[in-house]
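With mmCIF, C-alpha atoms, pLDDT in the B column; chains and numbers go by the auth columns inside, this is my_file-v6.cif:
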```
data_input
#
loop_
_atom_site.group_PDB
_atom_site.id
_atom_site.type_symbol
_atom_site.label_atom_id
_atom_site.label_comp_id
_atom_site.label_asym_id
_atom_site.label_seq_id
_atom_site.Cartn_x
_atom_site.Cartn_y
_atom_site.Cartn_z
_atom_site.B_iso_or_equiv
_atom_site.auth_seq_id
_atom_site.auth_asym_id
ATOM 1 C CA PRO A 1 -22.781 -15.814 26.942 40.00 1 A
ATOM 2 C CA ARG A 2 -23.401 -16.483 23.285 37.00 2 A
ATOM 3 C CA GLN A 3 -20.252 -17.468 21.435 40.00 3 A
ATOM 4 C CA PRO A 4 -19.343 -15.543 18.239 37.00 4 A
ATOM 5 C CA PRO A 5 -19.605 -17.510 15.011 36.00 5 A
ATOM 6 C CA ALA A 6 -16.484 -19.203 13.720 37.00 6 A
ATOM 7 C CA TRP A 7 -14.511 -17.302 11.104 34.00 7 A
ATOM 8 C CA PRO A 8 -13.552 -19.246 7.985 35.00 8 A
ATOM 9 C CA SER A 9 -9.864 -19.309 7.075 35.00 9 A
ATOM 10 C CA ALA A 10 -10.560 -19.316 3.343 37.00 10 A
ATOM 11 C CA VAL A 11 -13.298 -18.250 0.972 35.00 11 A
ATOM 12 C CA VAL A 12 -13.199 -20.971 -1.659 36.00 12 A
ATOM 13 C CA SER A 13 -16.752 -22.073 -0.893 38.00 13 A
ATOM 14 C CA LEU A 14 -18.214 -18.644 -0.157 41.00 14 A
ATOM 15 C CA PRO A 15 -20.107 -16.631 -2.814 43.00 15 A
ATOM 16 C CA PRO A 16 -19.094 -12.951 -3.256 56.00 16 A
ATOM 17 C CA SER A 17 -22.042 -11.623 -1.244 59.00 17 A
ATOM 18 C CA CYS A 18 -21.045 -13.784 1.731 67.00 18 A
ATOM 19 C CA ILE A 19 -17.378 -12.813 1.688 67.00 19 A
ATOM 20 C CA VAL A 20 -18.277 -9.103 1.704 67.00 20 A
ATOM 21 C CA ALA A 21 -20.735 -9.605 4.552 71.00 21 A
ATOM 22 C CA GLU A 22 -18.047 -11.454 6.530 69.00 22 A
ATOM 23 C CA ALA A 23 -15.592 -8.650 5.779 69.00 23 A
ATOM 24 C CA ASP A 24 -18.000 -5.987 7.018 69.00 24 A
ATOM 25 C CA GLU A 25 -18.399 -7.912 10.255 70.00 25 A
ATOM 26 C CA ALA A 26 -14.626 -8.240 10.535 70.00 26 A
ATOM 27 C CA LEU A 27 -14.277 -4.481 10.190 68.00 27 A
ATOM 28 C CA VAL A 28 -16.675 -3.903 13.085 65.00 28 A
ATOM 29 C CA ARG A 29 -14.929 -6.418 15.310 65.00 29 A
ATOM 30 C CA LEU A 30 -11.429 -5.124 14.516 70.00 30 A
ATOM 31 C CA GLY A 31 -12.347 -1.830 16.081 65.00 31 A
ATOM 32 C CA ALA A 32 -14.301 -3.193 19.035 63.00 32 A
ATOM 33 C CA GLY A 33 -13.067 -6.703 19.856 63.00 33 A
ATOM 34 C CA ASP A 34 -10.508 -7.794 22.396 73.00 34 A
ATOM 35 C CA ALA A 35 -6.945 -8.707 21.484 78.00 35 A
ATOM 36 C CA VAL A 36 -7.726 -12.346 20.704 79.00 36 A
ATOM 37 C CA GLU A 37 -10.719 -11.471 18.541 80.00 37 A
ATOM 38 C CA HIS A 38 -8.752 -8.723 16.817 82.00 38 A
ATOM 39 C CA ALA A 39 -5.946 -11.130 15.922 84.00 39 A
ATOM 40 C CA ARG A 40 -8.476 -13.639 14.581 83.00 40 A
ATOM 41 C CA LYS A 41 -10.073 -11.051 12.294 83.00 41 A
ATOM 42 C CA ALA A 42 -6.654 -9.887 11.053 86.00 42 A
ATOM 43 C CA ARG A 43 -5.760 -13.468 10.106 89.00 43 A
ATOM 44 C CA TRP A 44 -9.084 -13.838 8.327 87.00 44 A
ATOM 45 C CA LEU A 45 -8.501 -10.659 6.347 90.00 45 A
ATOM 46 C CA SER A 46 -5.036 -11.853 5.409 92.00 46 A
ATOM 47 C CA ALA A 47 -6.352 -15.187 4.154 92.00 47 A
ATOM 48 C CA ASN A 48 -9.027 -13.463 2.081 91.00 48 A
ATOM 49 C CA LEU A 49 -7.222 -10.278 1.105 94.00 49 A
ATOM 50 C CA TRP A 50 -6.769 -10.855 -2.606 95.00 50 A
ATOM 51 C CA ARG A 51 -10.387 -11.795 -3.252 92.00 51 A
ATOM 52 C CA LEU A 52 -11.605 -8.841 -1.212 91.00 52 A
ATOM 53 C CA ALA A 53 -9.220 -6.454 -2.953 94.00 53 A
ATOM 54 C CA ASN A 54 -10.629 -7.407 -6.353 93.00 54 A
ATOM 55 C CA SER A 55 -14.243 -6.513 -5.596 90.00 55 A
ATOM 56 C CA SER A 56 -15.731 -3.046 -5.312 89.00 56 A
ATOM 57 C CA ALA A 57 -17.223 -3.609 -1.860 87.00 57 A
ATOM 58 C CA GLY A 58 -14.347 -5.744 -0.596 89.00 58 A
ATOM 59 C CA CYS A 59 -11.631 -3.264 -1.482 92.00 59 A
ATOM 60 C CA ARG A 60 -13.499 -0.593 0.440 91.00 60 A
ATOM 61 C CA VAL A 61 -13.608 -2.768 3.541 89.00 61 A
ATOM 62 C CA VAL A 62 -9.885 -3.567 3.278 93.00 62 A
ATOM 63 C CA GLN A 63 -8.990 0.123 3.000 94.00 63 A
ATOM 64 C CA GLN A 64 -11.051 0.907 6.092 91.00 64 A
ATOM 65 C CA ALA A 65 -9.543 -1.984 8.028 91.00 65 A
ATOM 66 C CA LEU A 66 -5.865 -1.222 7.391 93.00 66 A
ATOM 67 C CA PRO A 67 -5.564 1.703 9.855 92.00 67 A
ATOM 68 C CA LEU A 68 -6.953 -0.559 12.600 89.00 68 A
ATOM 69 C CA LEU A 69 -4.168 -3.129 12.235 92.00 69 A
ATOM 70 C CA THR A 70 -0.801 -3.371 13.974 91.00 70 A
ATOM 71 C CA HIS A 71 2.472 -3.085 12.074 92.00 71 A
ATOM 72 C CA LYS A 72 2.917 -6.842 12.280 93.00 72 A
ATOM 73 C CA GLU A 73 -0.580 -7.461 10.940 93.00 73 A
ATOM 74 C CA LEU A 74 -0.063 -4.967 8.120 95.00 74 A
ATOM 75 C CA ALA A 75 3.116 -6.773 7.112 94.00 75 A
ATOM 76 C CA MET A 76 1.188 -10.074 7.157 94.00 76 A
ATOM 77 C CA LEU A 77 -1.479 -8.679 4.823 96.00 77 A
ATOM 78 C CA ALA A 78 1.097 -7.035 2.554 96.00 78 A
ATOM 79 C CA GLY A 79 2.714 -10.437 2.120 96.00 79 A
ATOM 80 C CA GLU A 80 -0.487 -11.585 0.393 96.00 80 A
ATOM 81 C CA LEU A 81 0.161 -9.002 -2.334 97.00 81 A
ATOM 82 C CA GLU A 82 3.652 -10.201 -3.182 97.00 82 A
ATOM 83 C CA GLY A 83 3.785 -11.520 -6.733 97.00 83 A
ATOM 84 C CA ARG A 84 0.499 -9.762 -7.527 97.00 84 A
ATOM 85 C CA VAL A 85 1.502 -6.093 -7.674 98.00 85 A
ATOM 86 C CA VAL A 86 1.349 -5.596 -11.440 97.00 86 A
ATOM 87 C CA GLU A 87 -1.934 -7.508 -11.629 97.00 87 A
ATOM 88 C CA GLY A 88 -3.289 -5.390 -8.769 97.00 88 A
ATOM 89 C CA CYS A 89 -2.173 -2.187 -10.472 97.00 89 A
ATOM 90 C CA CYS A 90 -4.347 -3.113 -13.461 97.00 90 A
ATOM 91 C CA SER A 91 -7.414 -3.840 -11.341 96.00 91 A
ATOM 92 C CA PRO A 92 -10.074 -1.123 -10.971 96.00 92 A
ATOM 93 C CA HIS A 93 -10.450 -2.208 -7.332 96.00 93 A
ATOM 94 C CA ALA A 94 -7.150 -3.676 -6.117 97.00 94 A
ATOM 95 C CA ASN A 95 -5.230 -0.578 -7.179 98.00 95 A
ATOM 96 C CA HIS A 96 -6.953 1.320 -4.362 98.00 96 A
ATOM 97 C CA VAL A 97 -5.774 -1.291 -1.856 98.00 97 A
ATOM 98 C CA LEU A 98 -2.207 -1.042 -3.158 98.00 98 A
ATOM 99 C CA GLN A 99 -2.316 2.747 -2.862 98.00 99 A
ATOM 100 C CA ARG A 100 -3.572 2.465 0.704 97.00 100 A
ATOM 101 C CA PHE A 101 -0.733 0.130 1.619 98.00 101 A
ATOM 102 C CA VAL A 102 1.765 2.581 0.101 98.00 102 A
ATOM 103 C CA MET A 103 0.379 5.385 2.235 97.00 103 A
ATOM 104 C CA ILE A 104 0.411 3.341 5.481 96.00 104 A
ATOM 105 C CA LEU A 105 3.499 1.109 5.318 96.00 105 A
ATOM 106 C CA PRO A 106 7.001 2.533 5.865 96.00 106 A
ATOM 107 C CA PRO A 107 9.017 2.758 2.619 97.00 107 A
ATOM 108 C CA ALA A 108 11.272 -0.133 3.659 96.00 108 A
ATOM 109 C CA LYS A 109 8.231 -2.437 3.609 96.00 109 A
ATOM 110 C CA LEU A 110 7.297 -1.313 0.083 97.00 110 A
ATOM 111 C CA GLN A 111 10.401 -2.690 -1.609 97.00 111 A
ATOM 112 C CA PHE A 112 8.500 -5.683 -3.003 97.00 112 A
ATOM 113 C CA MET A 113 6.198 -3.291 -4.892 98.00 113 A
ATOM 114 C CA VAL A 114 9.140 -1.375 -6.317 98.00 114 A
ATOM 115 C CA ASP A 115 10.836 -4.606 -7.352 98.00 115 A
ATOM 116 C CA GLU A 116 7.754 -6.002 -9.071 97.00 116 A
ATOM 117 C CA MET A 117 7.112 -2.758 -10.948 97.00 117 A
ATOM 118 C CA SER A 118 10.715 -2.434 -12.132 96.00 118 A
ATOM 119 C CA GLY A 119 10.762 -2.986 -15.878 96.00 119 A
ATOM 120 C CA GLN A 120 7.033 -2.162 -15.974 95.00 120 A
ATOM 121 C CA ALA A 121 7.125 1.499 -14.918 97.00 121 A
ATOM 122 C CA SER A 122 6.602 2.927 -18.385 96.00 122 A
ATOM 123 C CA SER A 123 3.588 0.728 -19.096 96.00 123 A
ATOM 124 C CA MET A 124 2.210 1.311 -15.591 97.00 124 A
ATOM 125 C CA ALA A 125 2.531 5.063 -16.117 98.00 125 A
ATOM 126 C CA ARG A 126 0.301 4.698 -19.176 97.00 126 A
ATOM 127 C CA HIS A 127 -2.282 2.598 -17.363 97.00 127 A
ATOM 128 C CA ARG A 128 -5.481 4.167 -16.064 97.00 128 A
ATOM 129 C CA PHE A 129 -5.051 2.560 -12.634 98.00 129 A
ATOM 130 C CA GLY A 130 -1.372 1.652 -12.563 97.00 130 A
ATOM 131 C CA CYS A 131 -0.337 5.300 -12.849 98.00 131 A
ATOM 132 C CA ARG A 132 -1.960 5.981 -9.472 98.00 132 A
ATOM 133 C CA VAL A 133 0.067 3.330 -7.656 98.00 133 A
ATOM 134 C CA LEU A 134 3.257 4.567 -9.323 98.00 134 A
ATOM 135 C CA GLU A 135 2.474 8.129 -8.235 98.00 135 A
ATOM 136 C CA ARG A 136 1.998 7.052 -4.618 97.00 136 A
ATOM 137 C CA LEU A 137 5.359 5.249 -4.659 97.00 137 A
ATOM 138 C CA LEU A 138 7.081 8.361 -6.033 96.00 138 A
ATOM 139 C CA GLU A 139 5.492 10.417 -3.255 95.00 139 A
ATOM 140 C CA ARG A 140 6.349 8.102 -0.366 96.00 140 A
ATOM 141 C CA CYS A 141 9.629 6.393 -1.206 96.00 141 A
ATOM 142 C CA PRO A 142 13.079 7.993 -1.195 96.00 142 A
ATOM 143 C CA ALA A 143 14.720 8.634 -4.559 95.00 143 A
ATOM 144 C CA TRP A 144 17.309 5.872 -4.147 96.00 144 A
ATOM 145 C CA GLN A 145 14.543 3.302 -3.651 97.00 145 A
ATOM 146 C CA THR A 146 12.597 4.250 -6.774 97.00 146 A
ATOM 147 C CA LYS A 147 15.659 4.860 -8.954 96.00 147 A
ATOM 148 C CA ALA A 148 14.845 2.000 -11.345 96.00 148 A
ATOM 149 C CA LEU A 149 11.274 3.248 -11.756 97.00 149 A
ATOM 150 C CA THR A 150 12.201 6.876 -12.308 97.00 150 A
ATOM 151 C CA ARG A 151 14.863 5.879 -14.821 97.00 151 A
ATOM 152 C CA GLU A 152 12.177 4.268 -16.961 97.00 152 A
ATOM 153 C CA VAL A 153 9.872 7.272 -16.610 97.00 153 A
ATOM 154 C CA LEU A 154 12.617 9.749 -17.501 97.00 154 A
ATOM 155 C CA LYS A 155 13.624 7.696 -20.539 96.00 155 A
ATOM 156 C CA GLY A 156 10.100 8.024 -21.915 95.00 156 A
ATOM 157 C CA ALA A 157 9.354 11.510 -20.561 96.00 157 A
ATOM 158 C CA PRO A 158 8.589 13.177 -23.946 94.00 158 A
ATOM 159 C CA GLN A 159 6.075 10.466 -24.855 96.00 159 A
ATOM 160 C CA LEU A 160 4.617 10.159 -21.345 97.00 160 A
ATOM 161 C CA SER A 161 4.135 13.928 -21.187 97.00 161 A
ATOM 162 C CA ARG A 162 1.692 13.627 -24.086 96.00 162 A
ATOM 163 C CA HIS A 163 -0.123 10.604 -22.663 97.00 163 A
ATOM 164 C CA THR A 164 -3.513 10.921 -20.965 97.00 164 A
ATOM 165 C CA PHE A 165 -2.309 9.138 -17.818 98.00 165 A
ATOM 166 C CA GLY A 166 1.458 9.233 -18.184 98.00 166 A
ATOM 167 C CA ASN A 167 1.545 13.022 -17.934 98.00 167 A
ATOM 168 C CA PHE A 168 0.453 12.823 -14.295 98.00 168 A
ATOM 169 C CA VAL A 169 3.435 10.617 -13.448 98.00 169 A
ATOM 170 C CA VAL A 170 5.816 13.110 -15.068 98.00 170 A
ATOM 171 C CA GLN A 171 4.141 15.918 -13.117 97.00 171 A
ATOM 172 C CA HIS A 172 4.635 13.914 -9.915 96.00 172 A
ATOM 173 C CA LEU A 173 8.349 13.626 -10.642 97.00 173 A
ATOM 174 C CA LEU A 174 8.521 17.376 -11.141 96.00 174 A
ATOM 175 C CA GLN A 175 6.854 17.885 -7.776 95.00 175 A
ATOM 176 C CA HIS A 176 8.436 15.096 -5.710 94.00 176 A
ATOM 177 C CA GLY A 177 11.612 14.206 -7.604 94.00 177 A
ATOM 178 C CA THR A 178 15.214 15.242 -7.098 96.00 178 A
ATOM 179 C CA ALA A 179 16.933 18.163 -8.790 95.00 179 A
ATOM 180 C CA PRO A 180 18.663 15.881 -11.366 96.00 180 A
ATOM 181 C CA GLN A 181 15.303 14.286 -12.167 97.00 181 A
ATOM 182 C CA ARG A 182 13.673 17.676 -12.702 96.00 182 A
ATOM 183 C CA GLN A 183 16.569 18.762 -14.865 96.00 183 A
ATOM 184 C CA ALA A 184 16.219 15.639 -17.009 97.00 184 A
ATOM 185 C CA ILE A 185 12.541 16.439 -17.556 97.00 185 A
ATOM 186 C CA ILE A 186 13.344 20.063 -18.371 96.00 186 A
ATOM 187 C CA ALA A 187 15.868 18.869 -20.973 95.00 187 A
ATOM 188 C CA ALA A 188 13.250 16.570 -22.500 95.00 188 A
ATOM 189 C CA LEU A 189 10.692 19.379 -22.635 95.00 189 A
ATOM 190 C CA ARG A 190 13.142 21.863 -24.151 93.00 190 A
ATOM 191 C CA GLY A 191 13.852 19.514 -27.031 90.00 191 A
ATOM 192 C CA ASP A 192 10.277 19.851 -28.325 92.00 192 A
ATOM 193 C CA ILE A 193 8.968 22.782 -26.323 91.00 193 A
ATOM 194 C CA GLN A 194 6.916 24.500 -29.038 92.00 194 A
ATOM 195 C CA ARG A 195 4.874 21.386 -29.751 92.00 195 A
ATOM 196 C CA LEU A 196 4.592 20.273 -26.133 94.00 196 A
ATOM 197 C CA ALA A 197 3.511 23.723 -24.940 93.00 197 A
ATOM 198 C CA ARG A 198 0.611 23.570 -27.406 93.00 198 A
ATOM 199 C CA HIS A 199 -0.357 19.965 -26.745 94.00 199 A
ATOM 200 C CA ARG A 200 -3.678 19.503 -24.909 94.00 200 A
ATOM 201 C CA VAL A 201 -2.023 17.098 -22.407 96.00 201 A
ATOM 202 C CA ALA A 202 1.695 17.943 -22.420 95.00 202 A
ATOM 203 C CA SER A 203 0.953 21.629 -21.828 94.00 203 A
ATOM 204 C CA HIS A 204 -0.061 20.644 -18.289 95.00 204 A
ATOM 205 C CA VAL A 205 3.415 19.160 -17.758 97.00 205 A
ATOM 206 C CA VAL A 206 5.048 22.384 -18.973 95.00 206 A
ATOM 207 C CA ARG A 207 2.872 24.365 -16.575 93.00 207 A
ATOM 208 C CA ALA A 208 3.819 21.971 -13.750 95.00 208 A
ATOM 209 C CA ALA A 209 7.474 22.650 -14.523 95.00 209 A
ATOM 210 C CA PHE A 210 6.865 26.365 -13.994 93.00 210 A
ATOM 211 C CA ALA A 211 5.098 25.546 -10.717 91.00 211 A
ATOM 212 C CA HIS A 212 7.679 23.190 -9.179 93.00 212 A
ATOM 213 C CA CYS A 213 11.104 23.810 -10.690 93.00 213 A
ATOM 214 C CA SER A 214 13.864 26.150 -9.555 92.00 214 A
ATOM 215 C CA HIS A 215 14.273 29.621 -11.019 91.00 215 A
ATOM 216 C CA ALA A 216 17.205 28.493 -13.150 93.00 216 A
ATOM 217 C CA GLU A 217 15.246 25.503 -14.501 93.00 217 A
ATOM 218 C CA LYS A 218 12.266 27.704 -15.310 92.00 218 A
ATOM 219 C CA GLN A 219 14.530 30.166 -17.086 91.00 219 A
ATOM 220 C CA CYS A 220 15.748 27.355 -19.350 93.00 220 A
ATOM 221 C CA LEU A 221 12.167 26.817 -20.478 92.00 221 A
ATOM 222 C CA VAL A 222 11.555 30.538 -20.909 91.00 222 A
ATOM 223 C CA ASP A 223 14.636 30.852 -23.113 92.00 223 A
ATOM 224 C CA ALA A 224 13.559 27.881 -25.224 92.00 224 A
ATOM 225 C CA ILE A 225 10.049 29.238 -25.692 90.00 225 A
ATOM 226 C CA ARG A 226 11.284 32.739 -26.591 89.00 226 A
ATOM 227 C CA ALA A 227 13.961 31.480 -29.001 89.00 227 A
ATOM 228 C CA ASP A 228 11.586 31.867 -31.953 88.00 228 A
ATOM 229 C CA PRO A 229 9.789 35.265 -31.792 86.00 229 A
ATOM 230 C CA ALA A 230 7.040 34.207 -34.220 88.00 230 A
ATOM 231 C CA GLU A 231 6.290 31.021 -32.286 87.00 231 A
ATOM 232 C CA PHE A 232 6.410 32.968 -29.038 83.00 232 A
ATOM 233 C CA CYS A 233 3.726 35.391 -30.245 85.00 233 A
ATOM 234 C CA ASP A 234 1.579 32.584 -31.614 89.00 234 A
ATOM 235 C CA LEU A 235 1.725 30.737 -28.292 86.00 235 A
ATOM 236 C CA ALA A 236 -0.207 33.513 -26.562 82.00 236 A
ATOM 237 C CA HIS A 237 -3.203 32.893 -28.845 84.00 237 A
ATOM 238 C CA HIS A 238 -3.169 29.104 -28.876 88.00 238 A
ATOM 239 C CA HIS A 239 -6.087 27.477 -27.015 86.00 239 A
ATOM 240 C CA CYS A 240 -3.695 25.294 -24.939 89.00 240 A
ATOM 241 C CA GLY A 241 -0.467 27.242 -25.296 83.00 241 A
ATOM 242 C CA SER A 242 -2.034 30.395 -23.905 87.00 242 A
ATOM 243 C CA PHE A 243 -2.092 28.836 -20.431 87.00 243 A
ATOM 244 C CA VAL A 244 1.633 28.078 -20.701 86.00 244 A
ATOM 245 C CA PHE A 245 2.191 31.632 -21.935 85.00 245 A
ATOM 246 C CA ARG A 246 0.503 33.039 -18.823 86.00 246 A
ATOM 247 C CA GLU A 247 2.610 30.880 -16.508 83.00 247 A
ATOM 248 C CA MET A 248 5.736 31.974 -18.336 83.00 248 A
ATOM 249 C CA ARG A 249 4.842 35.664 -18.194 82.00 249 A
ATOM 250 C CA ARG A 250 4.155 35.317 -14.472 81.00 250 A
ATOM 251 C CA GLU A 251 7.620 33.813 -14.037 75.00 251 A
ATOM 252 C CA MET A 252 9.249 36.565 -16.114 70.00 252 A
ATOM 253 C CA ARG A 253 7.766 39.253 -13.853 74.00 253 A
ATOM 254 C CA ARG A 254 9.434 37.832 -10.742 70.00 254 A
#
```
Can you present the structure in this file as structure tokens?
Amino acid sequence: PRQPPAWPSAVVSLPPSCIVAEADEALVRLGAGDAVEHARKARWLSANLWRLANSSAGCRVVQQALPLLTHKELAMLAGELEGRVVEGCCSPHANHVLQRFVMILPPAKLQFMVDEMSGQASSMARHRFGCRVLERLLERCPAWQTKALTREVLKGAPQLSRHTFGNFVVQHLLQHGTAPQRQAIIAALRGDIQRLARHRVASHVVRAAFAHCSHAEKQCLVDAIRADPAEFCDLAHHHCGSFVFREMRREMRR
């Protein structure tokens, strides 16, 4: 029988079109080959992971290949991302690969990502692509593991709530965080509630608080919003604040 072509162990001499073609073939063989062939393709993907992850076509192939790999092979590929997490978070392509790893690997195997993002969480929350990876980590990892990251987010919660991308990270903490984390966000919102409730971005965070917080936490926001009767009436007619007003009225009827 015809022997399959040899698989290169590196891509230094291959142009981008060739590496993607090789990756597509690897994807096919991962799902259909025998154990020896499967292991060979997994090693090839590991050796070429970073270059694949940083191209539009390559990152797609990597994401499709990950569910076909064993736990040992996944750990091997994840090792190729160590030292590159922040760079990957800023890539329009590699961020998707990082997110896929977060969704597949057990939290214990994601510690290297948490460690590399520590000290960078606030800037990652403001990044168009980095915020997505941070959100996935907040969803998947236990609170003790992401404590350093959430501390940075909570410290900048008032500013992040007004940021185009940062607001989504704050909303994720409201949905997936612990009670103390939600309470810290509520305290930050209360301190400037009239302005935040009218802000085109931060108003979404206030609405998320009404959607995900406890009754007592919601009541804290209601009391803060109603503290000034004139501002309370004006909120109902504000083009952004009116949506917060409706959420609040819905809560008050319960």
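Here the PyMOL selection byres ((chain A and resi 227-235) around 10) captures the residues Gln194, Arg195, Ala197, Arg198, Leu221, Val222, Asp223, Ala224, Ile225, Arg226, Ala236, His237, His238, His239, Cys240, Gly241, Ser242, Phe243, Val244, Phe245 and Arg246 of chain A.
Residue nearest Gln145 (chain A) within the list A:Arg60, A:Arg207, A:Lys218, A:Lys109: A:Lys109 [criterion: smallest interatomic distance, all atoms listed in the file].
Residues within 9 Å of Arg132 (chain A), counting only C-alpha atoms and excluding same-chain residues fewer than 3 positions away, are Cys89, Asn95, His96, Gln99, Met124, Ala125, His127, Arg128, Phe129, Glu135, Arg136, Leu137, Phe165, Phe168 and Val169 of chain A.
As for CA of Leu149 (chain A) and CA of Ser118 (chain A), they are spaced 5.7 Å apart.
For the pair CA of Leu30 (chain A) and CA of Glu73 (chain A), the separation is 11.7 Å.
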request  = Check which residues satisfy the PyMOL selection byres ((chain A and resi 175) around 8) in the file shown, then give them as a PyMOL selection string.
outcome  = chain A and resi 171-174+176-177+208+212-213
Generate the output file for the selected residues, C-alpha atoms, as a PDB file, keeping the file's coordinate frame.
```pdb
ATOM      1  CA  GLN A 171       4.141  15.918 -13.117  1.00 97.00           C
ATOM      2  CA  HIS A 172       4.635  13.914  -9.915  1.00 96.00           C
ATOM      3  CA  LEU A 173       8.349  13.626 -10.642  1.00 97.00           C
ATOM      4  CA  LEU A 174       8.521  17.376 -11.141  1.00 96.00           C
ATOM      5  CA  HIS A 176       8.436  15.096  -5.710  1.00 94.00           C
ATOM      6  CA  GLY A 177      11.612  14.206  -7.604  1.00 94.00           C
ATOM      7  CA  ALA A 208       3.819  21.971 -13.750  1.00 95.00           C
ATOM      8  CA  HIS A 212       7.679  23.190  -9.179  1.00 93.00           C
ATOM      9  CA  CYS A 213      11.104  23.810 -10.690  1.00 93.00           C
TER      10      CYS A 213
END
```
request  = Step by step: start from the point (8.3, 36.9, -12.2) in the file's coordinates, keep every protein, DNA or RNA residue that has an atom no farther than 12 Å from it, count only C-alpha atoms, and write the set as a PyMOL selection string.
outcome  = chain A and resi 210-211+215+218-219+222+246-254
ask   = Suppose you want the space between CA of Ile104 (chain A) and CA of Leu154 (chain A); what is it in Å?
value = 26.8 Å
request  = Evaluate the PyMOL selection byres ((chain A and resi 97) around 12) and record the selected residues as a VMD selection string, following the chain and residue labels used in the document.
outcome  = chain A and resid 49 to 66 77 to 78 80 to 81 84 to 85 88 to 96 98 to 105 129 to 130 132 to 133 136
How big is the axis-aligned box, and where does its centre sit, when it encloses all atoms of region 73-87 of chain A listed in the file and has 6 Å added on every side, reported in Å to one decimal as JSON?
```
{"center_x": 0.9, "center_y": -8.3, "center_z": -0.3, "size_x": 17.7, "size_y": 18.6, "size_z": 34.6}
```
Starting from the incomplete input, reconstruct all heavy atoms of region 227-232 of chain A and report them as a PDB file, in the coordinates of the input.
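What follows is the written file part-v3.pdb:
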```pdb
ATOM      1  N   ALA A 227      12.904  31.558 -27.972  1.00 89.00           N
ATOM      2  CA  ALA A 227      13.961  31.480 -29.001  1.00 89.00           C
ATOM      3  C   ALA A 227      13.436  31.848 -30.377  1.00 89.00           C
ATOM      4  O   ALA A 227      14.181  32.425 -31.198  1.00 89.00           O
ATOM      5  CB  ALA A 227      14.558  30.076 -29.024  1.00 89.00           C
ATOM      6  N   ASP A 228      12.197  31.533 -30.659  1.00 88.00           N
ATOM      7  CA  ASP A 228      11.586  31.867 -31.953  1.00 88.00           C
ATOM      8  C   ASP A 228      10.504  32.914 -31.708  1.00 88.00           C
ATOM      9  O   ASP A 228       9.431  32.596 -31.191  1.00 88.00           O
ATOM     10  CB  ASP A 228      10.984  30.612 -32.582  1.00 88.00           C
ATOM     11  CG  ASP A 228      10.475  30.853 -33.998  1.00 88.00           C
ATOM     12  OD1 ASP A 228       9.938  31.949 -34.271  1.00 88.00           O
ATOM     13  OD2 ASP A 228      10.604  29.923 -34.825  1.00 88.00           O
ATOM     14  N   PRO A 229      10.751  34.190 -32.082  1.00 86.00           N
ATOM     15  CA  PRO A 229       9.789  35.265 -31.792  1.00 86.00           C
ATOM     16  C   PRO A 229       8.404  35.009 -32.379  1.00 86.00           C
ATOM     17  O   PRO A 229       7.390  35.314 -31.736  1.00 86.00           O
ATOM     18  CB  PRO A 229      10.447  36.498 -32.429  1.00 86.00           C
ATOM     19  CG  PRO A 229      11.906  36.186 -32.425  1.00 86.00           C
ATOM     20  CD  PRO A 229      11.997  34.720 -32.681  1.00 86.00           C
ATOM     21  N   ALA A 230       8.336  34.451 -33.596  1.00 88.00           N
ATOM     22  CA  ALA A 230       7.040  34.207 -34.220  1.00 88.00           C
ATOM     23  C   ALA A 230       6.257  33.143 -33.443  1.00 88.00           C
ATOM     24  O   ALA A 230       5.056  33.292 -33.193  1.00 88.00           O
ATOM     25  CB  ALA A 230       7.233  33.769 -35.673  1.00 88.00           C
ATOM     26  N   GLU A 231       6.943  32.072 -33.067  1.00 87.00           N
ATOM     27  CA  GLU A 231       6.290  31.021 -32.286  1.00 87.00           C
ATOM     28  C   GLU A 231       5.878  31.542 -30.920  1.00 87.00           C
ATOM     29  O   GLU A 231       4.824  31.169 -30.381  1.00 87.00           O
ATOM     30  CB  GLU A 231       7.241  29.821 -32.125  1.00 87.00           C
ATOM     31  CG  GLU A 231       7.557  29.092 -33.412  1.00 87.00           C
ATOM     32  CD  GLU A 231       6.445  28.157 -33.834  1.00 87.00           C
ATOM     33  OE1 GLU A 231       5.355  28.212 -33.235  1.00 87.00           O
ATOM     34  OE2 GLU A 231       6.654  27.380 -34.771  1.00 87.00           O
ATOM     35  N   PHE A 232       6.702  32.398 -30.351  1.00 83.00           N
ATOM     36  CA  PHE A 232       6.410  32.968 -29.038  1.00 83.00           C
ATOM     37  C   PHE A 232       5.121  33.781 -29.077  1.00 83.00           C
ATOM     38  O   PHE A 232       4.262  33.664 -28.195  1.00 83.00           O
ATOM     39  CB  PHE A 232       7.584  33.851 -28.609  1.00 83.00           C
ATOM     40  CG  PHE A 232       7.370  34.553 -27.300  1.00 83.00           C
ATOM     41  CD1 PHE A 232       7.237  33.846 -26.120  1.00 83.00           C
ATOM     42  CD2 PHE A 232       7.293  35.941 -27.251  1.00 83.00           C
ATOM     43  CE1 PHE A 232       7.038  34.498 -24.912  1.00 83.00           C
ATOM     44  CE2 PHE A 232       7.104  36.600 -26.048  1.00 83.00           C
ATOM     45  CZ  PHE A 232       6.974  35.872 -24.878  1.00 83.00           C
TER      46      PHE A 232
END
```
